[in-house]
Every structure is written in structure tokens, then in C-alpha cells.
Amino acid sequence: MKAAPFEYARPATLAEACSLLAAHGAEAKLIAGGQSLVPMMAMRLARPAWLIDIGRLAELQRVSAPADSSAQGDGVFVVGAGVRQAVMEREPLARANLPLMAKALRWVGHAQTRNRGTIGGSIVHGDVSAEIALVACVLDALLELHDTSGVTEIPAREFFQAPMITAILPEQCLAEIRFPVWRAVGGGVRPGCAFDEVSVRHGDFALVSACAQLELDADGRCLRLELGLGGAASVPLALPELSAQLTGSRLDEQAITAAAAAAADLADPEGDLHASADYRRHLARILLGRVLRAARQDAMDGGKERTA
């Protein structure tokens, strides 16, 4: 099939894009990479009257790491919504400051789709299995939305509401995402992270995904931890309560096994033709345990992949 007829506009600025959104409302769609929208238009699952191309807006291409890596407390890594996934995948600043995102991007689609797909586009699309959205929720990123009236900030954990439904309004444009950068406080702190998923084929949508980011002290005790599951509920699922329960432990095998079982209990997946709800819950348990072990080992190994 082909897309239904539509009008096309390429604004020169973010403000102009917001003005077009305000003028056309729900009849308009933003396009940057188009890796999700264009196939939906081709199947006429989406029929926008206006297509507003923001793919070349320089304002949405920012990649900014914390200026002073020696400062105390967490810094902020800023990613423009229009930054291509392949750019982030290869960006040394991302590997150094957002290693979890760097690892997650290896699982996103294929090299060809990552060359066009954007960080913000994946988030706004709102797929429950999206790797980028899961990392944003697990790290509790802050999303900056623009419209003609100004700027609205919303935590990623509040942005996703249901499958393919987010808190963004028709007149709003996601401009940037601000990810917390964990900065170790005190000597001997060792960071680690891991991302894993199961799909029918590599590059397909994940049946279930899981990720973990942690810090260990010199004795191997967990100082800080964030966990999450994708494809295991109606939204990307951060698990801060479970993370808090594990903080202070040594993450031994008994603790990891119990945490994996608890994560499976918290999951509320839907079944479909690819996997039943019970199988997805089983995968949630297996993958959560797997990423906890891998993140612990990454920390013990000194995060060698960060500089690879």
C-alpha cells in the first residue's frame, strides 16, 4: 500500500515546527527518522494530513556531556531528540557517560534502521519493548517538551501511559532528553551495567528485555542500583523499589535469584502470537537475573567495554 495524501513542511527552526503543530494539531505528525511512522503510513495505520520534517533541525542535534567529571554528585548528559541512534552508538562521550545506553543500542533494530532512527523518535513512539525508552525510564531521564507556550519537563517514568500512548500533546515536540550521569563518590567505587533481551530474531522487537546499572564498593557491596524490564508490562517498567531492596547487599546468588523472582511477580505482560504472558513472565525472571550477574561482573572487571 501507499500512504494517504498529505501536505509536507520542513521548518527551519524548532519554534517554526511548534507553530505548525499548533496550527494543525492532531492532523499533523512530526517526522525525523521515520523508521516507525513511514511503515505505519504505508499501511494506513497513520494518516496525517500534515507531515512536519524536523530531521535537519540543528537545535535537536545536541550531544553534551558534563563539563567537570571530577565534580561531586551526578552530572547530566544531554541528548537532542533528533540525534541518530547510530551517532549515539558510536559516540565516545556516550560510552563514557551513558554506558547502559551504549549497550542497549546494540539491540535496537539493525544498522540500517539505526542510521535513520532517532533517540527522541523511539521514545515518543512509546513501544513497550523499545530499548531506548527502557533506558530512559530506568535512569529516570528528564524529557523536555516544547510548544508555542514554552517548555514542559516530564520524567520519563511518567511519560509512558499505555502501549503506544505517551503524555506528549499534539502541539508538543520532544526537544531533548537529560540523562543522569552517575559519578562515583569515594575511592574504590566500581560502576557496572548490562542489557539483554530475547526476540524471535536479532533486531526484531524484544519479547522481553532487561537492564541493570549499579555501583559496588571496594568490598563488593552494592551502593546504588537501578533495574528495569521492557515488554513485560503496558509501559517500560523501572523497578526502583526492588533496586532499593538490593542496595546494601553483596548481590550474592541467593539475593539475585530472589530479586529475579520478585521482578517476574511485578511483571504484567500481555500474550500475543509470538509469546504467551506466562512465557514473557518467565523471560522476565531469567533476564533480570542475567543482567544483575552481568552488571556485577562488569563492575568487578572495571567496566572494560566503556573504552572499547
# chains A, B, ... in the order shown; residues from 1 in each chain; ligands from 1
$ residues_around --residues "range 228-244 of chain A" --least-positions-apart "5" --cutoff "8 Å" --atoms "only C-alpha atoms" --output "ChimeraX atom specification"
/A:126-131,133-135,137-138,157,160-163,206-212,259,262-263,267-270,280-281,284,288
$ write_last_selection --atoms "N, CA, C and O atoms" --output "tab-separated table (two decimals), in the first residue's frame"
chain	number	residue	atom	x	y	z
A	126	GLY	N	6.67	5.23	21.85
A	126	GLY	CA	6.02	4.62	23.01
A	126	GLY	C	5.84	3.12	22.96
A	126	GLY	O	4.96	2.58	23.64
A	127	ASP	N	6.69	2.43	22.21
A	127	ASP	CA	6.58	0.97	22.17
A	127	ASP	C	7.06	0.39	23.51
A	127	ASP	O	8.12	0.78	24.02
A	128	VAL	N	6.32	-0.54	24.04
A	128	VAL	CA	6.66	-1.10	25.36
A	128	VAL	C	7.94	-1.92	25.33
A	128	VAL	O	8.54	-2.18	26.38
A	129	SER	N	8.37	-2.34	24.14
A	129	SER	CA	9.58	-3.14	24.01
A	129	SER	C	10.80	-2.32	23.60
A	129	SER	O	11.88	-2.88	23.43
A	130	ALA	N	10.65	-1.00	23.44
A	130	ALA	CA	11.73	-0.17	22.93
A	130	ALA	C	12.88	-0.08	23.93
A	130	ALA	O	12.67	0.28	25.10
A	131	GLU	N	14.08	-0.36	23.48
A	131	GLU	CA	15.24	-0.38	24.34
A	131	GLU	C	15.59	1.02	24.87
A	131	GLU	O	15.95	1.19	26.03
A	133	ALA	N	13.63	3.63	25.26
A	133	ALA	CA	12.63	4.05	26.24
A	133	ALA	C	12.87	3.39	27.59
A	133	ALA	O	12.72	4.02	28.65
A	134	LEU	N	13.27	2.12	27.58
A	134	LEU	CA	13.54	1.42	28.84
A	134	LEU	C	14.71	2.05	29.57
A	134	LEU	O	14.64	2.28	30.79
A	135	VAL	N	15.78	2.36	28.85
A	135	VAL	CA	16.93	3.00	29.49
A	135	VAL	C	16.54	4.36	30.07
A	135	VAL	O	16.96	4.72	31.19
A	137	CYS	N	13.68	5.27	31.23
A	137	CYS	CA	12.90	5.05	32.45
A	137	CYS	C	13.79	4.56	33.59
A	137	CYS	O	13.68	5.05	34.73
A	138	VAL	N	14.66	3.62	33.32
A	138	VAL	CA	15.50	3.05	34.36
A	138	VAL	C	16.42	4.11	34.96
A	138	VAL	O	16.60	4.17	36.19
A	157	ARG	N	9.68	8.33	33.62
A	157	ARG	CA	8.84	7.34	34.30
A	157	ARG	C	7.37	7.75	34.35
A	157	ARG	O	6.51	6.92	34.65
A	160	PHE	N	5.30	7.53	29.83
A	160	PHE	CA	4.66	6.42	29.15
A	160	PHE	C	3.40	6.02	29.91
A	160	PHE	O	3.42	5.78	31.11
A	161	GLN	N	2.28	5.93	29.17
A	161	GLN	CA	0.98	5.72	29.81
A	161	GLN	C	0.34	4.39	29.47
A	161	GLN	O	-0.38	3.81	30.27
A	162	ALA	N	0.56	3.90	28.26
A	162	ALA	CA	-0.01	2.65	27.77
A	162	ALA	C	0.74	2.31	26.48
A	162	ALA	O	1.51	3.13	25.98
A	163	PRO	N	0.54	1.11	25.93
A	163	PRO	CA	1.24	0.80	24.68
A	163	PRO	C	0.97	1.84	23.60
A	163	PRO	O	-0.19	2.13	23.27
A	206	ALA	N	11.72	-6.82	20.97
A	206	ALA	CA	12.01	-7.74	22.07
A	206	ALA	C	10.73	-8.36	22.61
A	206	ALA	O	9.74	-7.67	22.80
A	207	LEU	N	10.80	-9.64	22.86
A	207	LEU	CA	9.72	-10.27	23.62
A	207	LEU	C	9.77	-9.73	25.05
A	207	LEU	O	8.75	-9.33	25.61
A	208	VAL	N	10.96	-9.75	25.62
A	208	VAL	CA	11.23	-9.13	26.93
A	208	VAL	C	12.68	-8.67	26.91
A	208	VAL	O	13.54	-9.34	26.34
A	209	SER	N	12.92	-7.54	27.53
A	209	SER	CA	14.29	-7.05	27.72
A	209	SER	C	14.49	-6.71	29.18
A	209	SER	O	13.51	-6.52	29.93
A	210	ALA	N	15.74	-6.62	29.59
A	210	ALA	CA	16.06	-6.28	30.98
A	210	ALA	C	17.38	-5.53	31.01
A	210	ALA	O	18.25	-5.73	30.15
A	211	CYS	N	17.51	-4.64	31.99
A	211	CYS	CA	18.78	-3.92	32.13
A	211	CYS	C	19.02	-3.60	33.60
A	211	CYS	O	18.10	-3.57	34.42
A	212	ALA	N	20.30	-3.36	33.90
A	212	ALA	CA	20.72	-3.04	35.26
A	212	ALA	C	21.91	-2.10	35.20
A	212	ALA	O	22.78	-2.26	34.35
A	259	ALA	N	15.55	-11.65	43.72
A	259	ALA	CA	15.19	-10.43	43.00
A	259	ALA	C	14.57	-10.75	41.65
A	259	ALA	O	13.60	-10.11	41.22
A	262	ALA	N	11.07	-11.82	42.20
A	262	ALA	CA	10.23	-10.67	42.55
A	262	ALA	C	9.91	-9.84	41.32
A	262	ALA	O	8.78	-9.34	41.17
A	263	ALA	N	10.88	-9.67	40.42
A	263	ALA	CA	10.65	-8.91	39.19
A	263	ALA	C	9.59	-9.59	38.33
A	263	ALA	O	8.73	-8.93	37.75
A	267	ALA	N	5.94	-8.11	36.96
A	267	ALA	CA	5.63	-8.01	35.54
A	267	ALA	C	4.15	-8.29	35.30
A	267	ALA	O	3.53	-9.08	36.00
A	268	ASP	N	3.60	-7.62	34.29
A	268	ASP	CA	2.20	-7.83	33.92
A	268	ASP	C	2.10	-7.82	32.39
A	268	ASP	O	1.51	-6.93	31.79
A	269	PRO	N	2.70	-8.82	31.75
A	269	PRO	CA	2.78	-8.80	30.29
A	269	PRO	C	1.49	-9.23	29.62
A	269	PRO	O	0.65	-9.91	30.21
A	270	GLU	N	1.36	-8.86	28.36
A	270	GLU	CA	0.28	-9.32	27.50
A	270	GLU	C	0.79	-10.48	26.66
A	270	GLU	O	1.94	-10.49	26.24
A	280	ARG	N	6.48	-14.72	28.75
A	280	ARG	CA	7.13	-13.43	28.93
A	280	ARG	C	7.50	-13.23	30.41
A	280	ARG	O	8.56	-12.67	30.72
A	281	ARG	N	6.65	-13.68	31.31
A	281	ARG	CA	6.97	-13.57	32.73
A	281	ARG	C	8.18	-14.45	33.08
A	281	ARG	O	9.04	-14.05	33.87
A	284	ALA	N	11.17	-12.61	31.92
A	284	ALA	CA	11.49	-11.51	32.83
A	284	ALA	C	12.35	-12.01	33.99
A	284	ALA	O	13.33	-11.35	34.39
A	288	LEU	N	16.25	-10.79	34.14
A	288	LEU	CA	16.59	-9.91	35.26
A	288	LEU	C	17.77	-10.49	36.05
A	288	LEU	O	18.71	-9.77	36.41
$ residues_around --residues "Gln172 in chain A" --least-positions-apart "3" --cutoff "7 Å" --atoms "only C-alpha atoms" --output "mmCIF file with all heavy atoms, in the first residue's frame"
data_model
loop_
_atom_site.group_PDB
_atom_site.id
_atom_site.type_symbol
_atom_site.label_atom_id
_atom_site.label_comp_id
_atom_site.auth_asym_id
_atom_site.auth_seq_id
_atom_site.Cartn_x
_atom_site.Cartn_y
_atom_site.Cartn_z
ATOM 1 N N CYS A 18 6.959 24.123 16.103
ATOM 2 C CA CYS A 18 5.909 24.212 17.121
ATOM 3 C C CYS A 18 4.721 25.026 16.621
ATOM 4 O O CYS A 18 3.558 24.712 16.924
ATOM 5 C CB CYS A 18 6.476 24.811 18.399
ATOM 6 S SG CYS A 18 7.637 23.742 19.268
ATOM 7 N N LEU A 145 9.822 19.013 26.604
ATOM 8 C CA LEU A 145 8.847 19.163 25.527
ATOM 9 C C LEU A 145 8.632 20.641 25.236
ATOM 10 O O LEU A 145 8.461 21.437 26.164
ATOM 11 C CB LEU A 145 7.516 18.509 25.909
ATOM 12 C CG LEU A 145 7.579 17.058 26.402
ATOM 13 C CD1 LEU A 145 6.205 16.607 26.868
ATOM 14 C CD2 LEU A 145 8.097 16.142 25.312
ATOM 15 N N HIS A 146 8.614 21.003 23.956
ATOM 16 C CA HIS A 146 8.423 22.394 23.552
ATOM 17 C C HIS A 146 7.099 22.553 22.817
ATOM 18 O O HIS A 146 6.668 21.673 22.068
ATOM 19 C CB HIS A 146 9.555 22.840 22.619
ATOM 20 C CG HIS A 146 10.850 23.079 23.314
ATOM 21 N ND1 HIS A 146 11.619 24.204 23.115
ATOM 22 C CD2 HIS A 146 11.535 22.344 24.227
ATOM 23 C CE1 HIS A 146 12.709 24.150 23.849
ATOM 24 N NE2 HIS A 146 12.680 23.013 24.537
ATOM 25 N N ASP A 147 6.451 23.701 23.030
ATOM 26 C CA ASP A 147 5.329 24.130 22.198
ATOM 27 C C ASP A 147 5.354 25.651 22.135
ATOM 28 O O ASP A 147 6.287 26.287 22.630
ATOM 29 C CB ASP A 147 3.996 23.583 22.712
ATOM 30 C CG ASP A 147 3.678 24.002 24.141
ATOM 31 O OD1 ASP A 147 4.189 25.050 24.591
ATOM 32 O OD2 ASP A 147 2.915 23.299 24.810
ATOM 33 N N ILE A 168 2.827 13.120 25.692
ATOM 34 C CA ILE A 168 3.042 14.250 24.796
ATOM 35 C C ILE A 168 1.728 14.684 24.169
ATOM 36 O O ILE A 168 0.880 13.853 23.823
ATOM 37 C CB ILE A 168 4.090 13.899 23.713
ATOM 38 C CG1 ILE A 168 4.623 15.160 23.044
ATOM 39 C CG2 ILE A 168 3.523 12.918 22.689
ATOM 40 C CD1 ILE A 168 5.850 14.908 22.178
ATOM 41 N N LEU A 169 1.539 15.990 24.051
ATOM 42 C CA LEU A 169 0.325 16.551 23.454
ATOM 43 C C LEU A 169 0.537 16.774 21.960
ATOM 44 O O LEU A 169 1.673 16.903 21.498
ATOM 45 C CB LEU A 169 -0.036 17.866 24.142
ATOM 46 C CG LEU A 169 -0.299 17.775 25.655
ATOM 47 C CD1 LEU A 169 -0.542 19.166 26.238
ATOM 48 C CD2 LEU A 169 -1.485 16.859 25.926
#
$ residues_around --residues "Asp298 in chain A" --least-positions-apart "6" --cutoff "8 Å" --atoms "only C-alpha atoms" --output "list in words"
Pro191, Gly192, Cys193, Ala194 and Lys304 of chain A
$ closest_residue --among "A:Ala184, A:Ala46, A:Leu287, A:Ala299" --to "Gly220 in chain A" --atoms "only C-alpha atoms"
A:Ala299
$ residues_around --residues "range 84-87 of chain A" --least-positions-apart "3" --cutoff "9 Å" --atoms "only C-alpha atoms" --output "compact mmCIF listing (two decimals) with all heavy atoms, in the first residue's frame"
# COMPACT_ATOMS: atom_id res chain seq x y z
N GLY A 33 13.40 10.48 11.76
CA GLY A 33 13.96 9.29 11.12
C GLY A 33 12.93 8.52 10.30
O GLY A 33 13.23 7.94 9.27
N GLN A 61 20.07 18.36 17.62
CA GLN A 61 21.22 17.50 17.39
C GLN A 61 22.26 17.57 18.52
O GLN A 61 23.36 17.04 18.38
CB GLN A 61 21.90 17.88 16.07
CG GLN A 61 20.98 17.82 14.87
CD GLN A 61 20.38 16.45 14.64
OE1 GLN A 61 21.07 15.44 14.82
NE2 GLN A 61 19.12 16.39 14.28
N ALA A 81 16.70 15.32 20.77
CA ALA A 81 15.75 14.31 20.32
C ALA A 81 16.02 13.85 18.90
O ALA A 81 15.66 12.73 18.53
CB ALA A 81 14.32 14.86 20.43
N ARG A 90 28.03 5.26 18.40
CA ARG A 90 29.47 5.41 18.13
C ARG A 90 30.10 6.56 18.91
O ARG A 90 31.31 6.78 18.80
CB ARG A 90 29.67 5.66 16.63
CG ARG A 90 29.17 4.52 15.75
CD ARG A 90 29.05 4.95 14.31
NE ARG A 90 28.40 3.91 13.51
CZ ARG A 90 27.72 4.14 12.39
NH1 ARG A 90 27.61 5.36 11.93
NH2 ARG A 90 27.17 3.14 11.72
N GLU A 91 29.32 7.29 19.68
CA GLU A 91 29.80 8.49 20.36
C GLU A 91 30.63 8.13 21.59
O GLU A 91 30.12 7.53 22.54
CB GLU A 91 28.60 9.36 20.76
CG GLU A 91 28.91 10.56 21.62
CD GLU A 91 29.91 11.49 20.97
OE1 GLU A 91 29.60 12.03 19.90
OE2 GLU A 91 31.00 11.65 21.55
N LEU A 105 21.78 0.15 22.71
CA LEU A 105 21.66 0.49 21.29
C LEU A 105 22.10 -0.67 20.39
O LEU A 105 21.66 -0.74 19.23
CB LEU A 105 22.48 1.74 20.98
CG LEU A 105 21.82 3.06 21.41
CD1 LEU A 105 22.82 4.21 21.37
CD2 LEU A 105 20.62 3.37 20.52
N VAL A 108 18.97 -2.38 19.21
CA VAL A 108 17.90 -1.62 18.55
C VAL A 108 17.91 -1.89 17.04
O VAL A 108 18.85 -1.48 16.33
CB VAL A 108 18.07 -0.11 18.81
CG1 VAL A 108 16.99 0.68 18.06
CG2 VAL A 108 18.02 0.19 20.29
N ALA A 111 21.58 -2.06 11.74
CA ALA A 111 22.45 -0.92 11.43
C ALA A 111 21.75 0.07 10.50
O ALA A 111 21.86 1.29 10.66
CB ALA A 111 23.75 -1.42 10.81
N GLN A 112 21.00 -0.45 9.54
CA GLN A 112 20.34 0.43 8.57
C GLN A 112 19.27 1.31 9.25
O GLN A 112 19.14 2.49 8.94
CB GLN A 112 19.70 -0.39 7.44
CG GLN A 112 20.70 -1.13 6.58
CD GLN A 112 21.03 -2.52 7.12
OE1 GLN A 112 20.85 -2.80 8.31
NE2 GLN A 112 21.51 -3.40 6.25
N THR A 113 18.50 0.71 10.17
CA THR A 113 17.46 1.50 10.84
C THR A 113 18.06 2.47 11.85
O THR A 113 17.55 3.57 12.03
CB THR A 113 16.44 0.58 11.53
OG1 THR A 113 17.09 -0.20 12.53
CG2 THR A 113 15.77 -0.33 10.52
N ARG A 114 19.17 2.08 12.50
CA ARG A 114 19.81 2.98 13.45
C ARG A 114 20.45 4.18 12.74
O ARG A 114 20.62 5.23 13.34
CB ARG A 114 20.85 2.22 14.28
CG ARG A 114 20.26 1.18 15.21
CD ARG A 114 21.25 0.72 16.25
NE ARG A 114 22.41 0.04 15.71
CZ ARG A 114 22.48 -1.27 15.45
NH1 ARG A 114 21.43 -2.04 15.66
NH2 ARG A 114 23.61 -1.81 14.98
N ASN A 115 20.81 4.02 11.48
CA ASN A 115 21.35 5.14 10.72
C ASN A 115 20.32 6.24 10.51
O ASN A 115 20.67 7.41 10.31
CB ASN A 115 21.86 4.67 9.36
CG ASN A 115 23.20 3.98 9.45
OD1 ASN A 115 23.97 4.21 10.38
ND2 ASN A 115 23.49 3.12 8.48
N ARG A 116 19.05 5.88 10.54
CA ARG A 116 17.98 6.86 10.32
C ARG A 116 17.18 7.15 11.58
O ARG A 116 16.75 8.28 11.81
CB ARG A 116 17.01 6.36 9.23
CG ARG A 116 17.61 6.23 7.85
CD ARG A 116 18.00 7.58 7.28
NE ARG A 116 16.88 8.51 7.26
CZ ARG A 116 16.99 9.82 7.08
NH1 ARG A 116 18.18 10.36 6.92
NH2 ARG A 116 15.91 10.60 7.07
N GLY A 117 16.95 6.14 12.39
CA GLY A 117 16.14 6.32 13.59
C GLY A 117 16.78 7.26 14.59
O GLY A 117 18.00 7.35 14.70
N THR A 118 15.96 7.99 15.33
CA THR A 118 16.45 8.97 16.29
C THR A 118 16.16 8.53 17.72
O THR A 118 15.26 7.72 17.98
CB THR A 118 15.80 10.34 16.05
OG1 THR A 118 14.38 10.25 16.26
CG2 THR A 118 16.08 10.84 14.63
N ILE A 119 16.91 9.10 18.65
CA ILE A 119 16.70 8.81 20.06
C ILE A 119 15.31 9.27 20.50
O ILE A 119 14.55 8.52 21.12
CB ILE A 119 17.79 9.49 20.92
CG1 ILE A 119 19.18 8.97 20.55
CG2 ILE A 119 17.50 9.27 22.40
CD1 ILE A 119 19.40 7.50 20.81
N GLY A 120 14.95 10.50 20.16
CA GLY A 120 13.65 11.02 20.55
C GLY A 120 12.50 10.33 19.87
O GLY A 120 11.44 10.12 20.47
$ closest_residue --among "A:Trp182, A:Met1, A:Leu60, A:Leu30" --to "Asn97 in chain A" --atoms "only C-alpha atoms"
A:Trp182
$ select_by_dssp --residues "range 202-231 of chain A" --states "strand (DSSP E)" --output "PyMOL selection string"
chain A and resi 206-216+222-230
$ atom_distance --atom1 "CA of Tyr8 in chain A" --atom2 "CA of Ala175 in chain A"
20.4 Å
$ select_by_dssp --residues "range 93-289 of chain A" --states "helix (DSSP H, G or I)" --output "PyMOL selection string"
chain A and resi 93-97+99-105+111-116+119-125+131-138+156-159+240-246+253-266+277-289
